[in-house]
>>> print(open('target24.txt').read())   # compact mmCIF, C-alpha atoms
# COMPACT_ATOMS: atom_id res chain seq x y z
CA MET A 1 -8.57 3.51 -21.45
CA THR A 2 -11.96 4.41 -19.99
CA VAL A 3 -15.55 3.46 -20.64
CA ARG A 4 -17.54 6.61 -21.41
CA GLY A 5 -19.97 7.48 -18.63
CA LEU A 6 -19.03 4.50 -16.50
CA PRO A 7 -19.13 3.80 -13.69
CA MET A 8 -22.13 5.99 -13.00
CA ALA A 9 -21.58 7.96 -9.80
CA VAL A 10 -24.23 7.16 -7.19
CA PRO A 11 -23.21 8.60 -3.80
CA VAL A 12 -24.15 6.66 -0.68
CA PRO A 13 -25.02 8.62 2.47
CA GLY A 14 -22.54 8.35 5.30
CA LEU A 15 -19.43 7.79 3.20
CA PRO A 16 -16.52 10.25 2.94
CA THR A 17 -16.49 12.64 -0.01
CA ARG A 18 -12.77 12.20 -0.63
CA VAL A 19 -10.29 9.36 -0.07
CA ARG A 20 -6.52 9.61 -0.08
CA ILE A 21 -4.96 6.61 -1.79
CA HIS A 22 -1.63 5.58 -0.32
CA GLU A 23 -0.02 3.98 -3.38
CA VAL A 24 2.32 1.10 -2.43
CA GLY A 25 3.06 -0.50 -5.81
CA ALA A 26 6.59 0.83 -6.17
CA ARG A 27 7.62 -0.52 -2.77
CA ASP A 28 5.28 -3.23 -1.49
CA GLY A 29 4.50 -4.33 -5.02
CA LEU A 30 7.98 -4.58 -6.47
CA GLN A 31 9.65 -5.98 -3.36
CA ASN A 32 7.85 -9.27 -3.96
CA GLU A 33 9.05 -9.71 -7.55
CA LYS A 34 11.34 -12.66 -8.23
CA SER A 35 13.54 -10.59 -10.50
CA THR A 36 14.96 -7.16 -9.78
CA VAL A 37 13.37 -4.28 -11.67
CA PRO A 38 15.95 -1.78 -13.03
CA THR A 39 16.21 1.49 -11.14
CA ALA A 40 15.30 3.55 -14.21
CA VAL A 41 12.09 1.54 -14.66
CA LYS A 42 11.17 2.02 -10.99
CA ALA A 43 11.73 5.77 -11.33
CA GLU A 44 9.58 5.97 -14.44
CA PHE A 45 6.89 3.92 -12.69
CA VAL A 46 6.72 6.44 -9.83
CA HIS A 47 6.70 9.37 -12.26
CA ARG A 48 3.83 7.81 -14.22
CA LEU A 49 1.88 7.18 -11.01
CA ALA A 50 2.31 10.83 -10.06
CA GLU A 51 1.14 11.95 -13.50
CA ALA A 52 -1.97 9.79 -13.01
CA GLY A 53 -2.88 11.94 -9.99
CA LEU A 54 -1.67 9.87 -7.04
CA THR A 55 -0.35 12.19 -4.34
CA THR A 56 1.16 9.70 -1.87
CA ILE A 57 3.48 7.16 -3.48
CA GLU A 58 5.57 4.90 -1.29
CA ALA A 59 8.91 4.97 -3.06
CA THR A 60 11.21 2.33 -1.60
CA SER A 61 12.57 0.71 1.54
CA PHE A 62 15.85 1.32 3.32
CA VAL A 63 16.26 -2.23 4.53
CA HIS A 64 19.38 -4.36 4.29
CA PRO A 65 19.74 -5.72 0.72
CA LYS A 66 20.09 -9.23 2.15
CA TRP A 67 16.44 -9.20 3.23
CA VAL A 68 14.85 -7.41 0.28
CA PRO A 69 17.32 -7.47 -2.63
CA GLN A 70 14.71 -6.05 -5.02
CA LEU A 71 14.97 -2.69 -3.19
CA ALA A 72 18.73 -2.59 -2.77
CA ASP A 73 18.92 0.50 -5.01
CA ALA A 74 17.13 2.88 -2.60
CA GLU A 75 20.05 5.34 -2.58
CA GLN A 76 20.10 5.41 -6.38
CA LEU A 77 16.32 5.60 -6.82
CA PHE A 78 15.25 8.24 -4.30
CA PRO A 79 17.23 11.16 -5.84
CA LEU A 80 15.55 10.43 -9.19
CA LEU A 81 12.20 11.27 -7.60
CA SER A 82 13.13 14.44 -5.75
CA GLY A 83 11.41 16.86 -8.15
CA LEU A 84 7.99 15.24 -7.97
CA PRO A 85 5.23 17.32 -6.29
CA VAL A 86 3.98 14.33 -4.27
CA GLU A 87 4.61 12.73 -0.90
CA LEU A 88 7.23 9.96 -1.10
CA PRO A 89 7.17 7.83 2.06
CA VAL A 90 9.91 5.24 2.57
CA LEU A 91 10.15 2.24 4.86
CA VAL A 92 12.84 2.32 7.57
CA PRO A 93 13.26 -0.83 9.71
CA ASN A 94 15.73 0.61 12.22
CA GLU A 95 17.98 3.57 12.99
CA ARG A 96 20.44 2.65 10.24
CA GLY A 97 17.62 2.73 7.73
CA LEU A 98 16.43 6.06 9.12
CA ASN A 99 19.93 7.53 8.77
CA ARG A 100 20.05 6.49 5.12
CA ALA A 101 16.61 7.95 4.42
CA LEU A 102 17.26 11.24 6.19
CA ALA A 103 20.57 11.65 4.38
CA LEU A 104 18.62 11.72 1.12
CA GLY A 105 16.05 14.20 2.39
CA ALA A 106 13.13 11.87 3.09
CA ARG A 107 10.33 13.67 4.95
CA ARG A 108 7.98 10.72 5.42
CA VAL A 109 9.05 7.39 6.86
CA ALA A 110 7.30 4.22 7.97
CA VAL A 111 8.09 1.49 10.49
CA PHE A 112 6.77 -2.03 10.11
CA ALA A 113 5.38 -3.78 13.20
CA SER A 114 3.47 -7.00 13.74
CA ALA A 115 0.38 -7.80 15.79
CA THR A 116 1.54 -11.41 16.24
CA GLU A 117 4.62 -13.01 17.74
CA SER A 118 5.03 -15.50 14.86
CA PHE A 119 5.21 -12.83 12.17
CA ALA A 120 7.40 -10.57 14.31
CA LYS A 121 9.86 -13.47 14.54
CA ALA A 122 9.65 -14.27 10.81
CA ASN A 123 9.86 -10.66 9.62
CA LEU A 124 12.03 -8.96 12.25
CA ASN A 125 13.60 -11.85 14.20
CA ARG A 126 12.26 -10.26 17.39
CA THR A 127 9.29 -10.52 19.70
CA VAL A 128 6.51 -7.96 19.34
CA ASP A 129 7.74 -6.00 22.35
CA GLU A 130 11.37 -6.18 21.22
CA SER A 131 10.39 -4.80 17.82
CA LEU A 132 8.45 -1.97 19.44
CA ALA A 133 11.51 -1.14 21.54
CA MET A 134 13.59 -1.06 18.34
CA PHE A 135 11.15 1.32 16.67
CA HIS A 136 10.91 3.74 19.58
CA PRO A 137 14.20 5.63 18.96
CA VAL A 138 13.49 5.60 15.20
CA VAL A 139 10.12 7.29 15.68
CA GLU A 140 11.49 9.65 18.33
CA ARG A 141 14.35 10.85 16.12
CA ALA A 142 12.13 11.20 13.06
CA LYS A 143 9.54 13.24 14.95
CA ALA A 144 12.26 15.44 16.46
CA GLY A 145 13.29 16.29 12.91
CA GLY A 146 9.75 17.13 11.81
CA VAL A 147 9.41 13.94 9.76
CA HIS A 148 5.99 12.31 9.36
CA VAL A 149 5.88 8.73 10.67
CA ARG A 150 3.51 5.98 9.58
CA GLY A 151 3.22 2.76 11.55
CA TYR A 152 2.44 -0.33 9.54
CA LEU A 153 0.86 -3.15 11.52
CA SER A 154 0.80 -6.57 9.90
CA MET A 155 -1.43 -9.55 10.69
CA CYS A 156 -4.27 -7.46 12.12
CA PHE A 157 -6.92 -10.00 11.15
CA GLY A 158 -5.23 -13.37 10.76
CA ASP A 159 -1.83 -15.04 10.91
CA PRO A 160 -0.74 -18.12 8.90
CA TRP A 161 0.83 -19.69 12.00
CA GLU A 162 -1.50 -18.47 14.77
CA GLY A 163 -4.86 -18.28 13.02
CA ALA A 164 -7.39 -15.60 13.96
CA VAL A 165 -5.83 -12.68 15.81
CA PRO A 166 -7.76 -11.43 18.89
CA VAL A 167 -8.87 -7.81 18.51
CA PRO A 168 -7.45 -6.72 21.91
CA GLN A 169 -4.06 -8.01 20.83
CA VAL A 170 -4.12 -5.74 17.78
CA VAL A 171 -5.39 -2.78 19.79
CA ARG A 172 -2.50 -3.13 22.25
CA VAL A 173 0.13 -2.79 19.53
CA CYS A 174 -1.75 0.06 17.85
CA ARG A 175 -1.85 1.90 21.16
CA ALA A 176 1.91 1.41 21.59
CA LEU A 177 2.65 2.78 18.11
CA ILE A 178 0.47 5.84 18.66
CA ASP A 179 1.98 6.43 22.11
CA MET A 180 5.51 6.36 20.73
CA GLY A 181 4.58 9.12 18.27
CA CYS A 182 3.34 7.58 15.00
CA ASP A 183 1.20 10.07 13.07
CA GLU A 184 -0.87 7.40 11.37
CA LEU A 185 -1.37 3.65 11.40
CA SER A 186 -1.96 1.30 8.49
CA LEU A 187 -3.97 -1.75 9.53
CA GLY A 188 -2.73 -4.66 7.45
CA ASP A 189 -4.68 -7.73 6.42
CA THR A 190 -1.44 -9.37 5.35
CA ILE A 191 -2.89 -12.72 4.26
CA GLY A 192 -6.25 -11.39 3.11
CA VAL A 193 -8.53 -13.20 5.54
CA ALA A 194 -10.53 -10.23 6.90
CA THR A 195 -14.26 -9.87 6.36
CA PRO A 196 -16.36 -6.70 6.79
CA GLY A 197 -17.68 -7.56 10.25
CA HIS A 198 -14.15 -8.18 11.51
CA VAL A 199 -13.04 -4.85 10.06
CA GLU A 200 -15.91 -3.06 11.79
CA GLU A 201 -15.14 -4.75 15.11
CA LEU A 202 -11.47 -3.74 15.03
CA LEU A 203 -12.19 -0.14 14.04
CA THR A 204 -14.80 0.14 16.78
CA ALA A 205 -12.36 -1.23 19.37
CA LEU A 206 -9.68 1.24 18.28
CA GLY A 207 -12.16 4.09 18.64
CA GLU A 208 -13.04 2.92 22.14
CA GLU A 209 -9.31 2.95 22.91
CA GLY A 210 -9.23 6.63 21.97
CA ILE A 211 -7.40 6.23 18.65
CA PRO A 212 -9.06 8.64 16.17
CA VAL A 213 -10.24 7.24 12.87
CA SER A 214 -8.43 10.13 11.17
CA ALA A 215 -5.14 8.46 12.19
CA LEU A 216 -6.06 5.15 10.55
CA GLY A 217 -5.53 3.72 7.10
CA VAL A 218 -6.38 0.24 5.84
CA HIS A 219 -4.26 -2.15 3.81
CA PHE A 220 -6.14 -5.13 2.40
CA HIS A 221 -4.96 -8.09 0.37
CA ASP A 222 -7.40 -9.82 -1.96
CA THR A 223 -6.60 -13.48 -1.22
CA TYR A 224 -10.27 -14.40 -0.73
CA GLY A 225 -11.76 -11.64 -2.87
CA GLN A 226 -12.75 -9.54 0.14
CA ALA A 227 -10.55 -6.44 -0.28
CA LEU A 228 -13.17 -4.10 -1.76
CA ALA A 229 -15.89 -5.28 0.64
CA ASN A 230 -13.52 -4.68 3.56
CA THR A 231 -12.61 -1.27 2.19
CA LEU A 232 -16.28 -0.29 1.98
CA ALA A 233 -16.74 -1.37 5.62
CA ALA A 234 -13.80 0.86 6.60
CA LEU A 235 -15.22 3.80 4.63
CA ARG A 236 -18.55 3.43 6.40
CA HIS A 237 -16.65 3.71 9.67
CA GLY A 238 -15.02 6.98 8.54
CA VAL A 239 -11.63 5.82 7.28
CA THR A 240 -10.35 8.10 4.49
CA THR A 241 -6.89 6.61 3.79
CA VAL A 242 -6.71 3.40 1.79
CA ASP A 243 -3.54 1.60 0.71
CA ALA A 244 -3.54 0.11 -2.77
CA SER A 245 -1.07 -1.10 -5.37
CA ALA A 246 -1.17 -0.16 -9.05
CA GLY A 247 -2.06 -3.22 -11.09
CA GLY A 248 -2.52 -5.29 -7.93
CA LEU A 249 1.23 -5.84 -7.59
CA GLY A 250 2.65 -7.32 -4.44
CA GLY A 251 2.20 -9.67 -1.57
CA CYS A 252 4.58 -10.30 1.30
CA PRO A 253 7.91 -12.15 0.97
CA PHE A 254 7.72 -13.25 4.61
CA ALA A 255 4.17 -14.67 4.50
CA LYS A 256 3.85 -17.29 1.78
CA SER A 257 0.04 -17.30 1.78
CA ALA A 258 -0.15 -13.56 1.07
CA THR A 259 -1.35 -12.76 -2.43
CA GLY A 260 -1.54 -9.42 -4.17
CA ASN A 261 -2.58 -6.12 -2.70
CA LEU A 262 -5.88 -4.44 -3.51
CA ALA A 263 -5.43 -3.06 -7.03
CA THR A 264 -5.50 0.73 -7.15
CA GLU A 265 -7.58 0.64 -10.35
CA ASP A 266 -10.23 -1.58 -8.77
CA LEU A 267 -10.37 0.77 -5.80
CA VAL A 268 -10.66 3.87 -8.00
CA TRP A 269 -13.45 2.26 -10.04
CA MET A 270 -15.46 1.56 -6.89
CA LEU A 271 -14.81 4.98 -5.35
CA THR A 272 -15.74 6.73 -8.61
CA GLY A 273 -19.02 4.82 -8.65
CA LEU A 274 -19.68 5.97 -5.08
CA GLY A 275 -19.06 9.59 -6.04
CA ILE A 276 -15.93 9.73 -3.86
CA ASP A 277 -13.13 11.96 -5.13
CA THR A 278 -9.59 10.54 -5.37
CA GLY A 279 -7.97 12.95 -7.82
CA VAL A 280 -6.81 9.97 -9.89
CA ASP A 281 -7.10 9.76 -13.67
CA LEU A 282 -8.19 6.14 -14.12
CA GLY A 283 -7.21 6.00 -17.78
CA ARG A 284 -3.66 7.12 -17.08
CA LEU A 285 -3.40 4.76 -14.15
CA VAL A 286 -4.53 1.79 -16.22
CA ALA A 287 -2.03 2.72 -18.93
CA THR A 288 0.71 2.85 -16.30
CA SER A 289 -0.14 -0.60 -14.98
CA VAL A 290 -0.28 -2.04 -18.49
CA TRP A 291 3.14 -0.52 -19.13
CA MET A 292 4.57 -2.01 -15.91
CA ALA A 293 3.00 -5.39 -16.63
CA GLY A 294 4.87 -5.35 -19.91
CA ARG A 295 8.14 -4.67 -18.09
CA LEU A 296 7.43 -7.55 -15.70
CA GLY A 297 6.46 -9.89 -18.51
CA ARG A 298 3.02 -10.86 -17.23
CA PRO A 299 -0.52 -9.47 -17.25
CA SER A 300 -1.87 -7.38 -14.41
CA PRO A 301 -4.15 -9.26 -11.97
CA SER A 302 -6.36 -6.16 -11.62
CA ARG A 303 -9.83 -6.82 -12.99
CA THR A 304 -10.26 -3.17 -13.93
CA VAL A 305 -6.93 -3.06 -15.77
CA ARG A 306 -7.89 -6.17 -17.73
CA ALA A 307 -11.38 -4.90 -18.54
CA LEU A 308 -10.34 -1.41 -19.64
CA SER A 309 -7.24 -2.48 -21.54
CA HIS A 310 -9.37 -5.08 -23.35
CA GLU A 311 -11.92 -2.40 -24.25
CA ASP A 312 -9.11 -0.19 -25.50
CA ALA A 313 -7.59 -3.00 -27.57
CA GLU A 314 -10.96 -3.79 -29.16
CA GLY A 315 -11.51 -0.11 -29.89
CA GLN A 316 -8.10 0.19 -31.51
CA GLU A 317 -8.78 -2.85 -33.69
CA GLY A 318 -12.08 -1.31 -34.75
CA ARG A 319 -10.45 2.00 -35.64
CA GLU A 320 -7.77 0.27 -37.69
CA ALA A 321 -10.37 -1.83 -39.52
CA HIS A 322 -12.37 1.32 -40.32
CA LYS A 323 -9.26 2.98 -41.80
CA GLU A 324 -8.71 0.00 -44.09
CA GLN A 325 -12.24 0.19 -45.53
>>> encode(input="target24.txt", output="structure tokens")
Amino acid sequence: MTVRGLPMAVPVPGLPTRVRIHEVGARDGLQNEKSTVPTAVKAEFVHRLAEAGLTTIEATSFVHPKWVPQLADAEQLFPLLSGLPVELPVLVPNERGLNRALALGARRVAVFASATESFAKANLNRTVDESLAMFHPVVERAKAGGVHVRGYLSMCFGDPWEGAVPVPQVVRVCRALIDMGCDELSLGDTIGVATPGHVEELLTALGEEGIPVSALGVHFHDTYGQALANTLAALRHGVTTVDASAGGLGGCPFAKSATGNLATEDLVWMLTGLGIDTGVDLGRLVATSVWMAGRLGRPSPSRTVRALSHEDAEGQEGREAHKEQ
């Protein structure tokens, strides 16, 4: 499932030579499905993603099943992934979630904060400051145990209830997450309203606050078709960690206007064309997303998956027709 010689690699000066893709399809993607995906299918999905060359694959979330029933099988799933030679971050909303994750040997965890009061209330039933206070002992305990901690920050660019989010407001919460010990931050465009200039402004403000770009990742949704443009703006600023979801799976169950994540295949196609190394086998990744789309009973929204799987289908038809002649 590749097009020979395409995309042609044309490096652009000033961009990183390598990007680490933080794959979120198995967690952020599947948590938004209406039906629950069987544990065995989730495990095979993660294994296939690893075989495609992804080295950081967010596995699941240790949240209460009442809030995200699609991920209620975290205890059953995580042991099925233990032999994989990849990083397997998991989401932990509080100390109870951290206890569950640590009991299974998780070495990378993530907390999930909000830059806005409205989303903090909708997602965590707390104010922004109350949620930060809840995360503090989680991060402290994880770090004391040598566990890597990622801080997700939602609504960095816009909020469905509050509108545009002031940059200083985002910077304040980022500073708090770094100060409490988070190793890295993922800046989330939860409803997909960011544009490149806004991305540049936020990254510049974070740099002025003393937060190194090496500690930042970006997480874009493609609601208005801006995810790749926003990613390129982040790369130009020096960001080298980009969140993406195989097949474009996902959204956000607590923000109704949030559509799918940036598709990993679309990201890899662009990065390949820029001569940026990801270590990902695009053909295997596309095949994995086609396989998962079949399990979900609907086509992948990724443009690259659709284009390459169509090319492959046409090629297969041609080969079969040639055999019959």
>>> residues_around(input="target24.txt", residues="segment 122-130 of chain A", least_positions_apart="5", cutoff="12 Å", atoms="all atoms listed in the file", output="PyMOL selection string")
chain A and resi 63-64+67-68+93-94+111-117+135-136+153-155+159-161+169-170+172-174+176-177+252-256
>>> write_last_selection(input="target24.txt", atoms="C-alpha atoms", output="mmCIF file, in the frame of the given file")
data_model
loop_
_atom_site.group_PDB
_atom_site.id
_atom_site.type_symbol
_atom_site.label_atom_id
_atom_site.label_comp_id
_atom_site.auth_asym_id
_atom_site.auth_seq_id
_atom_site.Cartn_x
_atom_site.Cartn_y
_atom_site.Cartn_z
ATOM 1 C CA VAL A 63 16.260 -2.230 4.530
ATOM 2 C CA HIS A 64 19.380 -4.360 4.290
ATOM 3 C CA TRP A 67 16.440 -9.200 3.230
ATOM 4 C CA VAL A 68 14.850 -7.410 0.280
ATOM 5 C CA PRO A 93 13.260 -0.830 9.710
ATOM 6 C CA ASN A 94 15.730 0.610 12.220
ATOM 7 C CA VAL A 111 8.090 1.490 10.490
ATOM 8 C CA PHE A 112 6.770 -2.030 10.110
ATOM 9 C CA ALA A 113 5.380 -3.780 13.200
ATOM 10 C CA SER A 114 3.470 -7.000 13.740
ATOM 11 C CA ALA A 115 0.380 -7.800 15.790
ATOM 12 C CA THR A 116 1.540 -11.410 16.240
ATOM 13 C CA GLU A 117 4.620 -13.010 17.740
ATOM 14 C CA PHE A 135 11.150 1.320 16.670
ATOM 15 C CA HIS A 136 10.910 3.740 19.580
ATOM 16 C CA LEU A 153 0.860 -3.150 11.520
ATOM 17 C CA SER A 154 0.800 -6.570 9.900
ATOM 18 C CA MET A 155 -1.430 -9.550 10.690
ATOM 19 C CA ASP A 159 -1.830 -15.040 10.910
ATOM 20 C CA PRO A 160 -0.740 -18.120 8.900
ATOM 21 C CA TRP A 161 0.830 -19.690 12.000
ATOM 22 C CA GLN A 169 -4.060 -8.010 20.830
ATOM 23 C CA VAL A 170 -4.120 -5.740 17.780
ATOM 24 C CA ARG A 172 -2.500 -3.130 22.250
ATOM 25 C CA VAL A 173 0.130 -2.790 19.530
ATOM 26 C CA CYS A 174 -1.750 0.060 17.850
ATOM 27 C CA ALA A 176 1.910 1.410 21.590
ATOM 28 C CA LEU A 177 2.650 2.780 18.110
ATOM 29 C CA CYS A 252 4.580 -10.300 1.300
ATOM 30 C CA PRO A 253 7.910 -12.150 0.970
ATOM 31 C CA PHE A 254 7.720 -13.250 4.610
ATOM 32 C CA ALA A 255 4.170 -14.670 4.500
ATOM 33 C CA LYS A 256 3.850 -17.290 1.780
#
>>> closest_residue(input="target24.txt", among="A:Leu185, A:Ala229, A:Leu30, A:Leu206", to="Asp243 of chain A", atoms="only C-alpha atoms")
A:Leu185
>>> closest_residue(input="target24.txt", among="A:Leu132, A:Ile276, A:Ala244, A:Leu187", to="Gly158 of chain A", atoms="all atoms listed in the file")
A:Leu187
>>> closest_atom_pairs(input="target24.txt", of="segment 22-83 of chain A", to="segment 282-292 of chain A", cutoff="10 Å", atoms="all atoms listed in the file", output="tab-separated table")
residue	atom	partner	partner_atom	distance
A:Gly25	CA	A:Ser289	CA	9.7
A:Val41	CA	A:Met292	CA	8.4
A:Lys42	CA	A:Met292	CA	9.2
A:Glu44	CA	A:Met292	CA	9.5
A:Phe45	CA	A:Met292	CA	7.1
A:Val46	CA	A:Thr288	CA	9.5
A:His47	CA	A:Thr288	CA	9.7
A:Arg48	CA	A:Thr288	CA	6.2
A:Leu49	CA	A:Leu285	CA	6.6
A:Ala50	CA	A:Leu285	CA	9.3
A:Glu51	CA	A:Arg284	CA	7.7
A:Ala52	CA	A:Arg284	CA	5.2
A:Gly53	CA	A:Leu285	CA	8.3
A:Leu54	CA	A:Leu285	CA	8.9
>>> residues_around(input="target24.txt", residues="Leu6 of chain A", least_positions_apart="3", cutoff="10 Å", atoms="all atoms listed in the file", output="ChimeraX atom specification")
/A:2-3,9,269,272-273
>>> closest_residue(input="target24.txt", among="A:Ala103, A:Ala110, A:Val139, A:Val12", to="Arg27 of chain A", atoms="all atoms listed in the file")
A:Ala110
>>> closest_residue(input="target24.txt", among="A:Ala205, A:Ala234, A:Val193, A:Leu80", to="Gly217 of chain A", atoms="all atoms listed in the file")
A:Ala234
>>> axis_aligned_box(input="target24.txt", around="segment 95-102 of chain A", padding_each_side="5 Å", output="AutoDock Vina command-line options")
--center_x 18.4 --center_y 6.9 --center_z 8.7 --size_x 14.0 --size_y 18.6 --size_z 18.6
>>> residues_around(input="target24.txt", residues="Val147 of chain A", least_positions_apart="5", cutoff="6 Å", atoms="only C-alpha atoms", output="PDB file with C-alpha atoms, keeping the file's coordinate frame")
ATOM      1  CA  ARG A 107      10.330  13.670   4.950  1.00  0.00           C
ATOM      2  CA  ARG A 108       7.980  10.720   5.420  1.00  0.00           C
ATOM      3  CA  ALA A 142      12.130  11.200  13.060  1.00  0.00           C
TER       4      ALA A 142
END
>>> closest_residue(input="target24.txt", among="A:Leu15, A:Ala72, A:Met270, A:Val138", to="Thr36 of chain A", atoms="only C-alpha atoms")
A:Ala72
>>> residues_near_point(input="target24.txt", point="(5.1, 15.7, -1.8)", cutoff="12 Å", atoms="all atoms listed in the file", output="list in words")
Ala50, Leu54, Thr55, Thr56, Ile57, Glu58, Ala59, Leu81, Ser82, Gly83, Leu84, Pro85, Val86, Glu87, Leu88, Pro89, Gly105, Ala106, Arg107, Arg108 and His148 of chain A
>>> atom_distance(input="target24.txt", atom1="atom CA of Ser118 of chain A", atom2="atom CA of Pro196 of chain A")
24.5 Å
>>> closest_residue(input="target24.txt", among="A:Val19, A:His221, A:Ala164, A:Ala133", to="Leu249 of chain A", atoms="only C-alpha atoms")
A:His221
>>> atom_distance(input="target24.txt", atom1="atom CA of Val37 of chain A", atom2="atom CA of Gln70 of chain A")
7.0 Å
>>> atom_distance(input="target24.txt", atom1="atom CA of Ile191 of chain A", atom2="atom CA of Arg298 of chain A")
22.4 Å
>>> build_atoms(input="target24.txt", residues="segment 60-74 of chain A", atoms="N, CA, C and O atoms", output="CSV table (one decimal), in the coordinates of the input")
chain,number,residue,atom,x,y,z
A,60,THR,N,10.2,3.4,-1.7
A,60,THR,CA,11.2,2.3,-1.6
A,60,THR,C,11.4,2.0,-0.1
A,60,THR,O,10.6,2.5,0.7
A,61,SER,N,12.3,1.1,0.2
A,61,SER,CA,12.6,0.7,1.5
A,61,SER,C,14.1,0.7,1.8
A,61,SER,O,14.8,0.2,1.0
A,62,PHE,N,14.4,1.3,2.9
A,62,PHE,CA,15.8,1.3,3.3
A,62,PHE,C,16.2,0.2,4.3
A,62,PHE,O,16.6,0.4,5.4
A,63,VAL,N,15.9,-1.0,3.8
A,63,VAL,CA,16.3,-2.2,4.5
A,63,VAL,C,17.6,-2.8,4.0
A,63,VAL,O,18.1,-2.4,2.9
A,64,HIS,N,18.1,-3.7,4.7
A,64,HIS,CA,19.4,-4.4,4.3
A,64,HIS,C,19.1,-5.2,3.0
A,64,HIS,O,18.1,-5.9,2.9
A,65,PRO,N,20.0,-5.0,2.0
A,65,PRO,CA,19.7,-5.7,0.7
A,65,PRO,C,19.6,-7.2,0.9
A,65,PRO,O,19.0,-7.9,0.0
A,66,LYS,N,20.2,-7.8,1.9
A,66,LYS,CA,20.1,-9.2,2.2
A,66,LYS,C,18.6,-9.7,2.3
A,66,LYS,O,18.3,-10.7,1.9
A,67,TRP,N,17.8,-8.8,2.9
A,67,TRP,CA,16.4,-9.2,3.2
A,67,TRP,C,15.5,-8.9,2.1
A,67,TRP,O,14.6,-9.7,1.8
A,68,VAL,N,15.7,-7.8,1.4
A,68,VAL,CA,14.8,-7.4,0.3
A,68,VAL,C,15.8,-6.9,-0.9
A,68,VAL,O,15.9,-5.7,-1.1
A,69,PRO,N,16.4,-7.9,-1.6
A,69,PRO,CA,17.3,-7.5,-2.6
A,69,PRO,C,16.7,-6.6,-3.8
A,69,PRO,O,17.4,-5.9,-4.4
A,70,GLN,N,15.4,-6.8,-3.9
A,70,GLN,CA,14.7,-6.0,-5.0
A,70,GLN,C,14.7,-4.5,-4.8
A,70,GLN,O,14.5,-3.8,-5.7
A,71,LEU,N,15.0,-4.1,-3.5
A,71,LEU,CA,15.0,-2.7,-3.2
A,71,LEU,C,16.4,-2.2,-2.7
A,71,LEU,O,16.5,-1.2,-2.0
A,72,ALA,N,17.4,-2.9,-3.2
A,72,ALA,CA,18.7,-2.6,-2.8
A,72,ALA,C,19.2,-1.3,-3.4
A,72,ALA,O,20.2,-0.7,-2.9
A,73,ASP,N,18.5,-0.7,-4.3
A,73,ASP,CA,18.9,0.5,-5.0
A,73,ASP,C,18.3,1.8,-4.4
A,73,ASP,O,18.1,2.8,-5.1
A,74,ALA,N,17.9,1.7,-3.2
A,74,ALA,CA,17.1,2.9,-2.6
A,74,ALA,C,17.9,4.2,-2.7
A,74,ALA,O,17.4,5.2,-3.1
